[in-house]
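File shown: my_file_16.csv. Contents: CSV, C-alpha atoms and all ligand atoms.
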chain,number,residue,atom,x,y,z
M,1142,MET,CA,166.2,93.9,106.2
M,1143,GLU,CA,164.2,90.9,107.3
M,1144,GLY,CA,162.9,91.4,110.8
M,1145,ILE,CA,163.7,95.1,110.8
M,1146,ILE,CA,160.7,97.4,110.7
M,1147,PRO,CA,161.8,100.2,108.4
M,1148,LYS,CA,161.4,103.8,109.3
M,1149,PHE,CA,159.7,105.3,106.3
M,1150,ALA,CA,161.0,108.8,105.2
M,1151,ILE,CA,157.5,109.5,103.9
M,1152,GLU,CA,154.1,108.0,104.4
M,1153,ALA,CA,154.3,104.4,102.9
M,1154,PRO,CA,151.9,103.6,100.0
M,1155,SER,CA,149.5,100.9,100.8
M,1156,VAL,CA,149.6,97.4,99.1
M,1157,VAL,CA,146.9,97.1,96.5
M,1158,VAL,CA,144.6,94.2,97.3
M,1159,LEU,CA,141.7,92.6,95.5
M,1160,PRO,CA,138.7,90.7,96.8
M,1161,VAL,CA,138.6,86.9,96.5
M,1162,ALA,CA,135.1,85.4,95.9
M,1163,GLY,CA,133.8,83.4,98.8
M,1164,SER,CA,136.7,84.4,101.1
M,1165,ASP,CA,137.6,87.1,103.6
M,1166,ALA,CA,141.3,86.8,102.4
M,1167,VAL,CA,142.4,89.3,99.8
M,1168,PHE,CA,144.9,89.0,96.9
M,1169,PRO,CA,147.9,91.4,97.1
M,1170,VAL,CA,148.9,92.8,93.7
M,1171,ARG,CA,152.6,93.1,92.6
M,1172,ARG,CA,152.6,93.9,88.8
M,1173,VAL,CA,150.1,94.1,86.0
M,1174,TYR,CA,150.9,92.8,82.5
M,1175,CYS,CA,148.5,93.2,79.6
M,1176,ILE,CA,148.8,91.5,76.2
M,1177,GLY,CA,147.9,93.4,73.0
M,1178,ARG,CA,145.9,92.2,70.0
M,1179,ASN,CA,145.3,88.7,71.3
M,1180,TYR,CA,142.1,87.9,69.5
M,1181,ALA,CA,142.3,87.8,65.7
M,1182,ALA,CA,139.1,89.8,65.1
M,1183,HIS,CA,140.3,92.6,67.4
M,1184,ALA,CA,143.7,92.7,65.7
M,1185,ILE,CA,141.9,93.2,62.4
M,1186,GLU,CA,139.6,95.9,63.7
M,1187,MET,CA,142.7,97.8,65.0
M,1188,GLY,CA,144.2,97.6,61.5
M,1189,HIS,CA,146.7,94.8,62.1
M,1190,ASP,CA,147.5,91.4,60.6
M,1191,PRO,CA,146.0,88.6,62.8
M,1192,ASP,CA,148.8,86.2,62.0
M,1193,ARG,CA,150.6,84.7,64.9
M,1194,GLU,CA,153.4,87.2,65.3
M,1195,PRO,CA,155.2,87.1,68.7
M,1196,PRO,CA,153.0,88.4,71.5
M,1197,PHE,CA,153.6,91.8,73.0
M,1198,PHE,CA,152.8,93.2,76.4
M,1199,PHE,CA,152.4,96.6,78.1
M,1200,GLN,CA,151.9,97.3,81.8
M,1201,LYS,CA,149.4,99.0,83.9
M,1202,ASN,CA,150.1,100.0,87.5
M,1203,PRO,CA,148.9,97.9,90.4
M,1204,ASP,CA,146.8,100.8,91.7
M,1205,ASN,CA,145.1,101.1,88.4
M,1206,LEU,CA,143.1,98.0,89.3
M,1207,ASP,CA,139.7,99.0,90.7
M,1208,PRO,CA,137.2,96.6,92.1
M,1209,SER,CA,134.6,99.4,93.0
M,1210,GLY,CA,132.3,98.9,90.0
M,1211,GLU,CA,132.6,102.5,89.0
M,1212,PHE,CA,134.8,103.9,86.3
M,1213,PRO,CA,135.5,107.7,86.6
M,1214,TYR,CA,135.8,109.2,83.1
M,1215,PRO,CA,139.5,110.2,82.9
M,1216,PRO,CA,140.9,113.6,81.9
M,1217,LYS,CA,142.5,114.7,78.7
M,1218,THR,CA,140.5,112.4,76.4
M,1219,SER,CA,137.3,112.3,74.5
M,1220,ASP,CA,137.5,108.7,73.3
M,1221,VAL,CA,137.6,106.2,76.1
M,1222,HIS,CA,137.2,102.6,74.9
M,1223,HIS,CA,136.1,99.5,76.7
M,1224,GLU,CA,138.1,96.2,76.3
M,1225,VAL,CA,136.6,93.3,78.3
M,1226,GLU,CA,139.3,90.9,79.3
M,1227,MET,CA,139.8,87.9,81.6
M,1228,ALA,CA,142.4,88.6,84.3
M,1229,VAL,CA,144.8,85.9,85.5
M,1230,MET,CA,146.2,86.1,89.0
M,1231,LEU,CA,149.4,84.3,89.9
M,1232,LYS,CA,150.3,82.6,93.1
M,1233,GLU,CA,153.7,81.5,92.0
M,1234,GLY,CA,156.3,82.9,89.5
M,1235,GLY,CA,159.8,82.3,88.3
M,1236,ARG,CA,161.8,82.6,85.2
M,1237,ASN,CA,161.7,80.4,82.0
M,1238,ILE,CA,158.6,78.7,83.0
M,1239,PRO,CA,157.7,75.9,80.5
M,1240,VAL,CA,154.3,76.1,78.9
M,1241,GLU,CA,153.3,72.7,80.4
M,1242,LYS,CA,154.0,74.0,84.0
M,1243,ALA,CA,152.6,77.5,83.5
M,1244,LEU,CA,149.1,76.9,84.8
M,1245,ASP,CA,150.5,75.7,88.1
M,1246,CYS,CA,151.3,79.3,88.8
M,1247,VAL,CA,147.7,80.5,88.5
M,1248,PHE,CA,145.8,81.3,91.7
M,1249,GLY,CA,142.6,82.4,90.0
M,1250,TYR,CA,140.7,84.3,87.3
M,1251,ALA,CA,138.6,87.5,87.3
M,1252,LEU,CA,136.5,89.7,85.1
M,1253,SER,CA,138.3,92.8,84.1
M,1254,LEU,CA,138.4,95.8,81.7
M,1255,ASP,CA,141.4,97.3,80.0
M,1256,MET,CA,139.9,100.8,79.7
M,1257,THR,CA,141.9,102.8,77.1
M,1258,ARG,CA,142.2,106.5,76.2
M,1259,ARG,CA,142.2,105.5,72.5
M,1260,ASP,CA,142.8,109.0,71.2
M,1261,LEU,CA,146.0,109.3,73.3
M,1262,GLN,CA,147.1,105.8,72.5
M,1263,GLY,CA,146.7,106.5,68.8
M,1264,GLU,CA,148.8,109.6,69.0
M,1265,GLN,CA,151.6,107.7,70.8
M,1266,LYS,CA,151.4,104.9,68.2
M,1267,LYS,CA,151.9,107.4,65.4
M,1268,LEU,CA,154.9,108.9,67.2
M,1269,GLY,CA,156.4,105.5,68.1
M,1270,ARG,CA,156.1,106.3,71.8
M,1271,PRO,CA,155.1,104.2,74.8
M,1272,TRP,CA,151.4,103.6,75.4
M,1273,GLU,CA,151.2,104.3,79.1
M,1274,ILE,CA,149.3,107.6,78.8
M,1275,GLY,CA,146.6,105.8,76.9
M,1276,LYS,CA,146.5,102.7,79.1
M,1277,ALA,CA,147.9,103.1,82.6
M,1278,PHE,CA,145.8,105.8,84.2
M,1279,GLU,CA,143.7,106.0,87.4
M,1280,ALA,CA,141.0,103.3,87.6
M,1281,SER,CA,141.9,102.1,84.1
M,1282,ALA,CA,141.4,98.4,85.0
M,1283,PRO,CA,138.1,97.7,86.7
M,1284,VAL,CA,138.2,94.2,88.1
M,1285,GLY,CA,135.8,91.8,89.7
M,1286,PRO,CA,136.3,89.3,92.6
M,1287,ILE,CA,139.0,86.7,92.0
M,1288,HIS,CA,137.6,83.1,91.5
M,1289,PRO,CA,140.3,80.7,92.7
M,1290,VAL,CA,141.2,77.8,90.5
M,1291,SER,CA,140.2,75.5,93.4
M,1292,GLU,CA,136.6,76.7,92.8
M,1293,VAL,CA,136.3,77.2,89.0
M,1294,GLY,CA,139.2,75.2,87.5
M,1295,HIS,CA,141.2,76.6,84.5
M,1296,LEU,CA,139.3,78.6,81.9
M,1297,ASP,CA,140.5,78.0,78.3
M,1298,GLN,CA,137.1,78.3,76.6
M,1299,GLY,CA,133.8,80.0,77.3
M,1300,ARG,CA,131.9,83.1,76.1
M,1301,ILE,CA,133.3,86.5,77.0
M,1302,THR,CA,130.9,89.5,76.5
M,1303,LEU,CA,130.4,93.1,77.2
M,1304,THR,CA,127.2,95.1,76.9
M,1305,VAL,CA,126.7,98.8,77.2
M,1306,ASN,CA,123.3,99.9,78.5
M,1307,GLY,CA,122.0,96.5,77.5
M,1308,GLU,CA,123.3,96.5,73.9
M,1309,LEU,CA,125.8,93.7,73.1
M,1310,ARG,CA,129.1,95.3,71.9
M,1311,GLN,CA,131.8,92.6,72.5
M,1312,ASP,CA,131.1,88.9,72.1
M,1313,GLY,CA,133.9,86.4,71.8
M,1314,ASP,CA,135.2,83.1,73.2
M,1315,LEU,CA,138.2,82.5,75.4
M,1316,ASN,CA,139.2,79.8,72.9
M,1317,GLN,CA,139.8,82.6,70.3
M,1318,MET,CA,142.9,83.8,72.1
M,1319,ILE,CA,145.9,83.8,69.7
M,1320,TRP,CA,148.3,83.3,72.6
M,1321,LYS,CA,146.7,81.0,75.3
M,1322,VAL,CA,147.1,81.8,79.0
M,1323,PRO,CA,149.9,79.2,79.6
M,1324,GLU,CA,151.8,80.6,76.6
M,1325,GLN,CA,151.5,84.1,77.9
M,1326,ILE,CA,152.9,83.1,81.3
M,1327,ALA,CA,155.8,81.2,79.7
M,1328,TYR,CA,156.6,84.0,77.3
M,1329,LEU,CA,156.5,86.7,80.0
M,1330,SER,CA,158.8,84.6,82.2
M,1331,ASP,CA,161.5,84.5,79.6
M,1332,TYR,CA,161.7,88.3,79.8
M,1333,TYR,CA,160.8,89.0,83.4
M,1334,GLU,CA,160.9,87.3,86.7
M,1335,LEU,CA,157.2,86.6,87.5
M,1336,ALA,CA,156.1,86.4,91.2
M,1337,PRO,CA,153.1,85.8,93.4
M,1338,GLY,CA,150.8,88.8,93.1
M,1339,ASP,CA,151.3,89.3,89.4
M,1340,VAL,CA,148.3,89.9,87.2
M,1341,ILE,CA,147.9,89.3,83.5
M,1342,LEU,CA,145.1,90.8,81.4
M,1343,SER,CA,144.7,88.3,78.6
M,1344,GLY,CA,143.4,90.3,75.7
M,1345,THR,CA,140.0,91.5,74.3
M,1346,PRO,CA,137.7,90.2,71.6
M,1347,SER,CA,136.5,92.5,68.8
M,1348,GLY,CA,133.9,95.2,69.3
M,1349,VAL,CA,135.8,97.8,71.3
M,1350,ALA,CA,134.1,101.2,71.3
M,1351,ALA,CA,133.7,104.4,73.2
M,1352,VAL,CA,131.8,105.0,76.4
M,1353,VAL,CA,130.4,108.2,77.9
M,1354,LYS,CA,129.5,109.3,81.4
M,1355,GLY,CA,126.4,107.5,82.6
M,1356,ASP,CA,126.9,104.3,80.5
M,1357,VAL,CA,126.5,101.0,82.3
M,1358,MET,CA,128.8,98.3,81.1
M,1359,GLU,CA,128.1,94.7,82.0
M,1360,ILE,CA,130.9,92.3,81.5
M,1361,ALA,CA,130.7,88.5,81.7
M,1362,VAL,CA,132.9,85.4,81.2
M,1363,GLU,CA,131.3,82.0,81.2
M,1364,GLY,CA,132.4,80.4,84.6
M,1365,LEU,CA,133.1,83.8,86.3
M,1366,GLY,CA,129.6,85.3,86.3
M,1367,SER,CA,129.1,89.0,85.5
M,1368,MET,CA,129.6,92.4,86.9
M,1369,THR,CA,128.5,95.9,86.1
M,1370,VAL,CA,130.8,98.9,85.8
M,1371,THR,CA,129.2,102.4,85.6
M,1372,VAL,CA,131.0,105.3,83.9
M,1373,VAL,CA,130.8,108.2,86.3
W,1,MN,MN,143.6,95.2,76.1
Transcribe the structure of this file into structure tokens.
Amino acid sequence: MEGIIPKFAIEAPSVVVLPVAGSDAVFPVRRVYCIGRNYAAHAIEMGHDPDREPPFFFQKNPDNLDPSGEFPYPPKTSDVHHEVEMAVMLKEGGRNIPVEKALDCVFGYALSLDMTRRDLQGEQKKLGRPWEIGKAFEASAPVGPIHPVSEVGHLDQGRITLTVNGELRQDGDLNQMIWKVPEQIAYLSDYYELAPGDVILSGTPSGVAAVVKGDVMEIAVEGLGSMTVTVV
């Protein structure tokens, strides 16, 4: 197909792109992987053992990423939780990537939220069903501008926080991740072929809780600044 401009049978969906801090270039998104229970204190608050069991991942859709700074309260739920996370954007991929080489794949890092319809996720967990209805809905992943590694280096420690209307709700450190970023990349690459444009949400510290319309969330990661996301 190379060199051939396809004739689409329907209107073609647009490529999802995210802003890059200090650049007029944008980052095109391919896939979105999210790790579950990756901070011990959060695993405990969700009723699980914080021991280092193998990691697990679910996916959101590329067009669930939303850099607008607004989070539209989603339908069919009355319990939407915030989960502040650091997002990792890949510039390279592959299969069976060794842990020692994994960081070479990283283009940059961004602030993000894994917004969750906790009531729906809970029902799915009880039934042993997939989580997508609780996790992968419209605008469910607010995201800030991407800070390239060339500007900020690699982030393996630093405070990660979330406030709601000025009140501190989540307060952790990137160094509390059970599975570190290079381990997440290596693990994923054993199961999937990773590629440029892939995004990984690297887990949330404890303190997840519900938001309501009108709430203003401020998320911050040391080295990436902060951003506000308003629930509308
Ligand atoms: Mn999460």
Cut-off 7 Å: closest chain M/ligand MN 1 (chain W) atom pairs per residue, using all atoms listed in the file, as a Markdown table:
| residue | atom | partner | partner_atom | distance |
| --- | --- | --- | --- | --- |
| M:Cys1175 | CA | W:MN1 | MN | 6.3 |
| M:Ile1176 | CA | W:MN1 | MN | 6.4 |
| M:Gly1177 | CA | W:MN1 | MN | 5.6 |
| M:Glu1224 | CA | W:MN1 | MN | 5.6 |
| M:Glu1226 | CA | W:MN1 | MN | 6.9 |
| M:Asp1255 | CA | W:MN1 | MN | 4.9 |
| M:Gly1344 | CA | W:MN1 | MN | 4.9 |
| M:Thr1345 | CA | W:MN1 | MN | 5.5 |
| task | Find the spatial neighbours of Ile1238 in chain M, counting all atoms listed in the file, within a cut-off of 10 Å - ignore same-chain residues fewer than 6 positions away - and output them as a ChimeraX atom specification. | result | /M:1244,1246,1323-1324,1326-1331,1334-1335
Contacts of range 1146-1206 of chain M with range 1259-1281 of chain M up to 6 Å, shortest pair per row, only C-alpha atoms, as JSON lines:
{"residue": "M:Lys1201", "atom": "CA", "partner": "M:Ala1277", "partner_atom": "CA", "distance": 4.6}
{"residue": "M:Asn1205", "atom": "CA", "partner": "M:Ala1280", "partner_atom": "CA", "distance": 4.7}
{"residue": "M:Leu1206", "atom": "CA", "partner": "M:Ala1280", "partner_atom": "CA", "distance": 5.9}
| message | Please compute the CA of Asp1356 in chain M-CA of Ala1184 in chain M distance, one decimal, in Å. | response |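 Taking CA of Asp1356 in chain M as the start and CA of Ala1184 in chain M as the end point, the length is 25.2 Å.
Proximity ranking of M:Val1247, M:Ala1350, M:Met1358, M:Val1225 relative to Asp1312 in chain M places M:Val1225 first, based on only C-alpha atoms.
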| Suppose you want the space between CA of Asn1237 in chain M and CA of Ile1287 in chain M; what is it in Å? | 25.6 Å
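The space between CA of Pro1213 in chain M and CA of Ile1185 in chain M spans 28.9 Å.
Using all atoms listed in the file, the smallest distance between any of M:Pro1289, M:Gly1144, M:Arg1258, M:Asp1165 and Lys1217 in chain M comes from M:Arg1258.
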| request: Rank M:Val1284, M:Tyr1174, M:His1222, M:Asp1207 by their smallest atom-to-atom distance to Met1256 in chain M, using only C-alpha atoms, and report the top residue only. | output: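 Smallest distance to Met1256 in chain M is found for M:His1222.
Nearest residue to Gln1200 in chain M among M:Ser1367, M:Ser1291, M:Ser1155, M:Ser1343 is M:Ser1343, counting only C-alpha atoms.
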| message | Taking (136.9, 74.9, 77.8) as a centre in this file's frame and 10 Å as the limit, can you find every polymer residue with an atom that close, using only C-alpha atoms, and give them as a PyMOL selection string? | response | chain M and resi 1294-1300+1314-1316+1363-1364
| query | What lies within 7 Å of Ile1319 in chain M using only C-alpha atoms, ignoring chain neighbours under 5 positions off, as a PyMOL selection string? | reply | chain M and resi 1179-1181+1193
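Using all atoms listed in the file, the nearest neighbour of Pro1239 in chain M within the list M:Gln1325, M:Ala1351, M:Phe1212, M:Val1221 is M:Gln1325.
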| For Pro1195 in chain M, which residue among M:Glu1308, M:Val1170, M:Trp1320, M:Gly1163 is the nearest when counting all atoms listed in the file? |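 Using all atoms listed in the file, the shortest distance to Pro1195 in chain M belongs to M:Trp1320.
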Please provide as a PDB file with C-alpha atoms, in the frame of the given file all residues within 10 Å of Thr1304 in chain M, with the sequence filter that same-chain residues fewer than 2 positions apart are discarded (counting all atoms listed in the file).
ATOM      1  CA  HIS M1223     136.100  99.500  76.700  1.00  0.00           C
ATOM      2  CA  VAL M1225     136.600  93.300  78.300  1.00  0.00           C
ATOM      3  CA  THR M1302     130.900  89.500  76.500  1.00  0.00           C
ATOM      4  CA  ASN M1306     123.300  99.900  78.500  1.00  0.00           C
ATOM      5  CA  GLY M1307     122.000  96.500  77.500  1.00  0.00           C
ATOM      6  CA  GLU M1308     123.300  96.500  73.900  1.00  0.00           C
ATOM      7  CA  LEU M1309     125.800  93.700  73.100  1.00  0.00           C
ATOM      8  CA  ARG M1310     129.100  95.300  71.900  1.00  0.00           C
ATOM      9  CA  GLN M1311     131.800  92.600  72.500  1.00  0.00           C
ATOM     10  CA  ASP M1312     131.100  88.900  72.100  1.00  0.00           C
ATOM     11  CA  ASP M1356     126.900 104.300  80.500  1.00  0.00           C
ATOM     12  CA  VAL M1357     126.500 101.000  82.300  1.00  0.00           C
ATOM     13  CA  MET M1358     128.800  98.300  81.100  1.00  0.00           C
ATOM     14  CA  GLU M1359     128.100  94.700  82.000  1.00  0.00           C
ATOM     15  CA  ILE M1360     130.900  92.300  81.500  1.00  0.00           C
ATOM     16  CA  ALA M1361     130.700  88.500  81.700  1.00  0.00           C
ATOM     17  CA  THR M1369     128.500  95.900  86.100  1.00  0.00           C
TER      18      THR M1369
END
